[in-house]
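Peer 1: Structure supplied as data-v7.txt; contents: compact mmCIF, C-alpha atoms.
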```txt
# COMPACT_ATOMS: atom_id res chain seq x y z
CA MET A 1391 0.37 -47.38 4.61
CA ARG A 1392 3.16 -48.83 6.74
CA TYR A 1393 3.90 -51.50 4.13
CA LEU A 1394 3.90 -48.89 1.37
CA GLY A 1395 6.46 -46.85 3.28
CA LEU A 1396 8.55 -49.97 3.88
CA CYS A 1397 8.63 -50.85 0.19
CA SER A 1398 9.45 -47.24 -0.67
CA LEU A 1399 12.39 -47.41 1.74
CA MET A 1400 13.74 -50.31 -0.27
CA LEU A 1401 14.48 -47.95 -3.15
CA HIS A 1402 16.62 -45.65 -1.01
CA VAL A 1403 18.63 -47.99 1.19
CA ILE A 1404 21.92 -47.76 -0.65
CA PHE A 1405 24.13 -45.04 0.77
CA VAL A 1406 27.09 -45.58 -1.49
CA CYS A 1407 29.03 -43.06 -3.56
CA SER A 1408 29.05 -44.78 -6.93
CA THR A 1409 30.50 -43.56 -10.21
CA GLU A 1410 30.20 -45.41 -13.50
CA LEU A 1411 31.72 -44.03 -16.66
CA THR A 1412 33.02 -45.11 -20.03
CA PHE A 1413 35.85 -43.06 -21.49
CA GLU A 1414 38.24 -43.10 -24.43
CA LEU A 1415 41.93 -43.54 -23.70
CA PRO A 1416 44.08 -42.37 -26.65
CA ASP A 1417 47.38 -44.01 -27.51
CA ASN A 1418 50.47 -42.84 -25.63
CA GLU A 1419 48.32 -41.15 -22.97
CA LYS A 1420 47.30 -41.59 -19.34
CA GLN A 1421 44.10 -40.52 -17.58
CA CYS A 1422 43.56 -40.25 -13.83
CA PHE A 1423 40.48 -39.89 -11.63
CA TYR A 1424 40.46 -38.50 -8.12
CA GLU A 1425 38.20 -39.12 -5.12
CA GLU A 1426 38.46 -37.60 -1.62
CA LEU A 1427 37.70 -40.19 1.06
CA GLU A 1428 37.56 -40.31 4.83
CA ILE A 1429 39.37 -42.78 7.09
CA GLY A 1430 37.95 -46.28 7.24
CA VAL A 1431 35.95 -46.05 4.02
CA ARG A 1432 35.90 -49.12 1.83
CA PHE A 1433 36.03 -48.54 -1.91
CA ASP A 1434 35.74 -50.98 -4.80
CA ILE A 1435 36.99 -50.55 -8.35
CA ASP A 1436 35.93 -52.57 -11.37
CA PHE A 1437 37.27 -51.83 -14.84
CA GLN A 1438 37.15 -53.46 -18.26
CA VAL A 1439 38.54 -52.56 -21.67
CA ILE A 1440 35.65 -52.91 -24.11
CA ALA A 1441 37.36 -51.80 -27.34
CA GLY A 1442 40.74 -51.12 -28.89
CA GLY A 1443 43.92 -53.01 -29.67
CA ASN A 1444 44.37 -56.16 -27.62
CA TYR A 1445 41.78 -54.98 -25.08
CA ASP A 1446 44.40 -54.30 -22.42
CA VAL A 1447 45.44 -51.32 -20.31
CA ASP A 1448 47.75 -50.45 -17.41
CA CYS A 1449 46.05 -49.49 -14.13
CA PHE A 1450 47.29 -48.31 -10.76
CA VAL A 1451 45.75 -46.85 -7.59
CA THR A 1452 47.57 -44.61 -5.11
CA ASP A 1453 46.75 -43.16 -1.69
CA PRO A 1454 47.13 -39.48 -0.65
CA LEU A 1455 50.86 -40.05 0.01
CA SER A 1456 51.33 -41.52 -3.49
CA ASN A 1457 51.86 -45.03 -2.13
CA VAL A 1458 50.82 -47.60 -4.72
CA LEU A 1459 47.89 -49.65 -3.48
CA TYR A 1460 47.29 -51.54 -6.72
CA GLN A 1461 49.24 -51.85 -9.93
CA ASP A 1462 48.90 -54.17 -12.89
CA ARG A 1463 49.89 -53.99 -16.52
CA LYS A 1464 48.10 -54.96 -19.72
CA LYS A 1465 44.94 -56.16 -18.03
CA GLN A 1466 41.69 -56.61 -19.92
CA TYR A 1467 39.60 -56.39 -16.76
CA ASP A 1468 40.07 -56.59 -13.00
CA SER A 1469 38.61 -55.65 -9.61
CA PHE A 1470 40.21 -54.06 -6.56
CA SER A 1471 38.95 -53.39 -3.02
CA HIS A 1472 40.59 -51.41 -0.25
CA THR A 1473 39.71 -49.80 3.08
CA THR A 1474 41.28 -46.38 3.57
CA THR A 1475 43.72 -45.80 6.41
CA MET A 1476 44.02 -42.05 5.97
CA LYS A 1477 41.93 -39.13 4.83
CA GLY A 1478 42.74 -37.55 1.52
CA VAL A 1479 42.53 -37.78 -2.23
CA TYR A 1480 42.90 -41.23 -3.75
CA LYS A 1481 43.93 -41.54 -7.40
CA VAL A 1482 42.97 -44.13 -10.00
CA CYS A 1483 44.98 -43.99 -13.24
CA PHE A 1484 44.77 -45.81 -16.55
CA SER A 1485 47.69 -45.77 -18.95
CA ASN A 1486 47.85 -46.59 -22.65
CA GLU A 1487 51.40 -45.33 -23.03
CA PHE A 1488 52.66 -48.71 -24.25
CA SER A 1489 50.45 -48.48 -27.35
CA THR A 1490 51.53 -46.36 -30.30
CA PHE A 1491 48.38 -46.38 -32.42
CA SER A 1492 45.46 -48.15 -30.65
CA HIS A 1493 42.81 -46.11 -28.88
CA LYS A 1494 41.05 -47.88 -26.00
CA ILE A 1495 37.55 -47.53 -24.60
CA VAL A 1496 37.52 -48.30 -20.87
CA TYR A 1497 34.63 -48.85 -18.48
CA LEU A 1498 35.16 -47.84 -14.84
CA ASP A 1499 32.93 -48.48 -11.84
CA PHE A 1500 34.06 -46.77 -8.62
CA ARG A 1501 32.08 -47.42 -5.41
CA ALA A 1502 32.93 -45.93 -2.03
CA GLY A 1503 31.12 -46.42 1.28
CA ASP A 1504 29.01 -49.12 2.86
CA GLU A 1505 25.45 -50.04 2.21
CA ARG A 1506 23.03 -48.73 4.79
CA PRO A 1507 21.16 -51.55 6.61
CA PHE A 1508 17.86 -52.32 4.98
CA LEU A 1509 16.01 -52.23 8.31
CA PRO A 1510 18.11 -50.14 10.75
CA ASN A 1511 17.68 -50.71 14.49
CA LYS A 1512 15.36 -53.64 13.96
CA ALA A 1513 15.21 -55.43 17.34
CA THR A 1514 12.18 -57.64 16.75
CA ALA A 1515 11.69 -60.46 14.31
CA LEU A 1516 10.89 -59.56 10.74
CA THR A 1517 7.31 -59.73 9.63
CA GLN A 1518 6.31 -61.63 6.53
CA MET A 1519 6.07 -58.40 4.52
CA GLU A 1520 9.45 -57.19 5.75
CA SER A 1521 11.06 -60.52 4.86
CA ALA A 1522 9.51 -60.36 1.40
CA CYS A 1523 10.79 -56.80 0.86
CA LEU A 1524 14.26 -57.80 2.04
CA SER A 1525 14.27 -60.75 -0.34
CA ILE A 1526 13.14 -58.53 -3.24
CA HIS A 1527 15.87 -56.05 -2.39
CA GLU A 1528 18.59 -58.71 -2.55
CA ILE A 1529 17.21 -60.09 -5.82
CA LEU A 1530 17.12 -56.60 -7.36
CA LYS A 1531 20.78 -56.11 -6.48
CA VAL A 1532 21.66 -59.34 -8.25
CA VAL A 1533 19.56 -58.30 -11.25
CA SER A 1534 21.28 -54.90 -11.37
CA ASP A 1535 24.75 -56.48 -11.29
CA SER A 1536 23.75 -58.99 -13.97
CA GLN A 1537 22.37 -56.26 -16.22
CA LYS A 1538 25.60 -54.27 -15.86
CA TRP A 1539 27.66 -57.34 -16.81
CA TYR A 1540 25.43 -58.07 -19.81
CA ARG A 1541 25.65 -54.44 -20.97
CA LEU A 1542 29.44 -54.63 -20.89
CA ARG A 1543 29.49 -57.90 -22.77
CA GLU A 1544 27.03 -56.53 -25.33
CA ALA A 1545 29.13 -53.39 -25.88
CA HIS A 1546 32.32 -55.44 -26.13
CA ASP A 1547 30.84 -57.93 -28.62
CA ARG A 1548 29.08 -55.22 -30.65
CA ILE A 1549 32.28 -53.20 -31.09
CA ARG A 1550 34.21 -56.32 -32.05
CA ALA A 1551 31.48 -57.35 -34.52
CA GLU A 1552 31.44 -53.88 -36.09
CA ASP A 1553 35.23 -53.95 -36.44
CA LEU A 1554 35.07 -57.40 -38.04
CA HIS A 1555 32.27 -56.24 -40.37
CA GLU A 1556 34.36 -53.25 -41.45
CA ARG A 1557 37.39 -55.45 -42.20
CA VAL A 1558 35.30 -57.95 -44.16
CA SER A 1559 33.73 -55.09 -46.16
CA TYR A 1560 37.13 -53.64 -47.08
CA TRP A 1561 38.44 -57.09 -47.99
CA SER A 1562 35.39 -57.76 -50.17
CA ILE A 1563 35.81 -54.43 -51.97
CA GLY A 1564 39.48 -55.22 -52.61
CA GLU A 1565 38.63 -58.68 -53.93
CA THR A 1566 36.02 -57.13 -56.24
CA PHE A 1567 38.55 -54.74 -57.78
CA ILE A 1568 41.09 -57.56 -58.20
CA LEU A 1569 38.43 -59.77 -59.84
CA PHE A 1570 37.52 -57.03 -62.32
CA ALA A 1571 41.17 -56.35 -63.12
CA VAL A 1572 41.94 -60.05 -63.69
CA SER A 1573 38.80 -60.48 -65.83
CA ILE A 1574 39.64 -57.51 -68.03
CA GLY A 1575 43.23 -58.73 -68.35
CA GLN A 1576 42.10 -62.20 -69.42
CA VAL A 1577 39.69 -60.78 -72.01
CA LEU A 1578 42.41 -58.58 -73.49
CA MET A 1579 44.88 -61.47 -73.55
CA LEU A 1580 42.41 -63.81 -75.31
CA LYS A 1581 41.52 -61.07 -77.80
CA SER A 1582 45.18 -60.64 -78.67
CA PHE A 1583 45.45 -64.36 -79.49
CA PHE A 1584 42.68 -64.25 -82.11
CA SER A 1585 43.38 -60.89 -83.66
CA ASP A 1586 44.88 -60.87 -87.18
CA LYS A 1587 48.29 -59.35 -87.39
CA LYS A 1588 48.83 -57.37 -90.59
CA GLY A 1589 52.29 -57.77 -92.04
CA THR A 1590 54.09 -56.52 -95.13
CA VAL A 1591 54.21 -58.88 -98.17
CA ALA A 1592 57.27 -58.63 -100.41
CA ALA A 1593 56.39 -57.95 -104.10
CA PRO A 1594 57.87 -60.35 -106.69
CA THR A 1595 60.48 -58.93 -109.01
```
Represent the supplied structure as structure tokens.
Peer 2:
Amino acid sequence: MRYLGLCSLMLHVIFVCSTELTFELPDNEKQCFYEELEIGVRFDIDFQVIAGGNYDVDCFVTDPLSNVLYQDRKKQYDSFSHTTTMKGVYKVCFSNEFSTFSHKIVYLDFRAGDERPFLPNKATALTQMESACLSIHEILKVVSDSQKWYRLREAHDRIRAEDLHERVSYWSIGETFILFAVSIGQVLMLKSFFSDKKGTVAAPT
């Protein structure tokens, strides 16, 4: 029963405020997200543009006094970590104001707080079962991060493939119409070469 409770604890050890979302950022617009944090809280931000234009976006992060903690322009993806020095509302903004016609789809992962120790207040050496559970826990975290990365890559590649498929389809339809038009024009031109032209014959006097 003790081992069952220990393995159940493994599923609830993360005490982190985490937000993952994918949103659409229209052209000439800016979207901001807000999070109230205490002093001394570490937060991590990961973002990636998965569709639209040149797959780039402007991003900046400010503290409660509007001091810029992070700012970068036309980034496809990036990560940022910071430990708060004051309590208040922190702001994360994404801007697509430099684009006049391209909508963007942006993925954002915001994590705040520290991970709770897997075995809190453990003074003695770990048992074999505890070591195994700790190892499984670390492996599952790696698996979770890998799955998230693969999902982003899959979404990015799928959207790009669908866009390429749409362009190829339109191009093929255009080529088909041009081929029909040229074929009909050639047939009409050849027909005009072999058609008899009726003219007037002058009668002898």
Peer 1: Pick out the closest residue to A:Asn1486 from this set: A:Gln1421, A:Ser1562, A:Ser1408, A:Thr1514. Count all atoms listed in the file.
Peer 2: A:Gln1421
Peer 1: In Å, rounded to a single decimal, give me how far atom CA of A:Thr1474 is from atom CA of A:Arg1501.
Peer 2: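 Taking atom CA of A:Arg1501 as the start and atom CA of A:Thr1474 as the end point, the length is 12.9 Å.
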Peer 1: Give me, as CSV, each residue of stretch 1536-1561 of chain A that comes within 7 Å of stretch 1427-1451 of chain A, together with its shortest interatomic pair and the distance in Å at one decimal, counting all atoms listed in the file, with rows ordered by chain and rising residue number.
Peer 2:
```
residue,atom,partner,partner_atom,distance
A:Ala1545,CA,A:Ile1440,CA,6.8
A:His1546,CA,A:Ile1440,CA,4.6
A:Ile1549,CA,A:Ala1441,CA,6.5
```
Peer 1: Pick out the residues sitting within 9 Å of A:Pro1454, and hand them over as a list in words; count only C-alpha atoms, and ignore anything fewer than 3 positions along from it in its own chain.
Peer 2: Glu1426, Asn1457, Met1476, Lys1477, Gly1478, Val1479, Tyr1480 and Lys1481 of chain A
Peer 1: Between atom CA of A:Gln1461 and atom CA of A:Thr1473, what is the distance in Å, rounded to a tenth?
Peer 2: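 Separation of atom CA of A:Gln1461 and atom CA of A:Thr1473: 16.3 Å.
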Peer 1: Would you mind listing what lies within 8 Å of A:Thr1490 as a list in words, with all atoms listed in the file counted and same-chain residues fewer than 2 positions away left out?
Peer 2: Asp1417, Asn1418, Glu1487, Phe1488 and Ser1492 of chain A
Peer 1: Selection from above, C-alpha atoms, as a short mmCIF file (atom, residue, chain, number, x, y, z; two decimals), in the frame of the given file, can you write it?
Peer 2:
```cif
data_model
loop_
_atom_site.label_atom_id
_atom_site.label_comp_id
_atom_site.auth_asym_id
_atom_site.auth_seq_id
_atom_site.Cartn_x
_atom_site.Cartn_y
_atom_site.Cartn_z
CA ASP A 1417 47.38 -44.01 -27.51
CA ASN A 1418 50.47 -42.84 -25.63
CA GLU A 1487 51.40 -45.33 -23.03
CA PHE A 1488 52.66 -48.71 -24.25
CA SER A 1492 45.46 -48.15 -30.65
#
```
Peer 1: Could you please determine the separation between atom CA of A:Asp1468 and atom CA of A:His1527 in Å, to one decimal place?
Peer 2: 26.4 Å
Peer 1: May I ask which of the residues A:Trp1539, A:Tyr1560, A:Phe1423, A:Phe1583 is the closest one to A:Tyr1467, counting all atoms listed in the file?
Peer 2: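 Result for the nearest residue to A:Tyr1467: A:Trp1539.
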Peer 1: Using all atoms listed in the file, find all polymer residues with an atom at most 7 Å away from the point (42.6, -52.7, -4.9); report them as a JSON list (two decimals) with C-alpha atoms, in the frame of the given file.
Peer 2:
```json
[["chain", "number", "residue", "atom", "x", "y", "z"],
["A", 1435, "ILE", "CA", 36.99, -50.55, -8.35],
["A", 1459, "LEU", "CA", 47.89, -49.65, -3.48],
["A", 1460, "TYR", "CA", 47.29, -51.54, -6.72],
["A", 1469, "SER", "CA", 38.61, -55.65, -9.61],
["A", 1470, "PHE", "CA", 40.21, -54.06, -6.56],
["A", 1471, "SER", "CA", 38.95, -53.39, -3.02],
["A", 1472, "HIS", "CA", 40.59, -51.41, -0.25]]
```
Peer 1: Could you check the closest approach to A:Asp1453 for each of A:Phe1413, A:Tyr1540, A:Tyr1424, A:Phe1570 and tell me which residue wins, using all atoms listed in the file?
Peer 2: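 That would be A:Tyr1424, the residue with the smallest distance to A:Asp1453.
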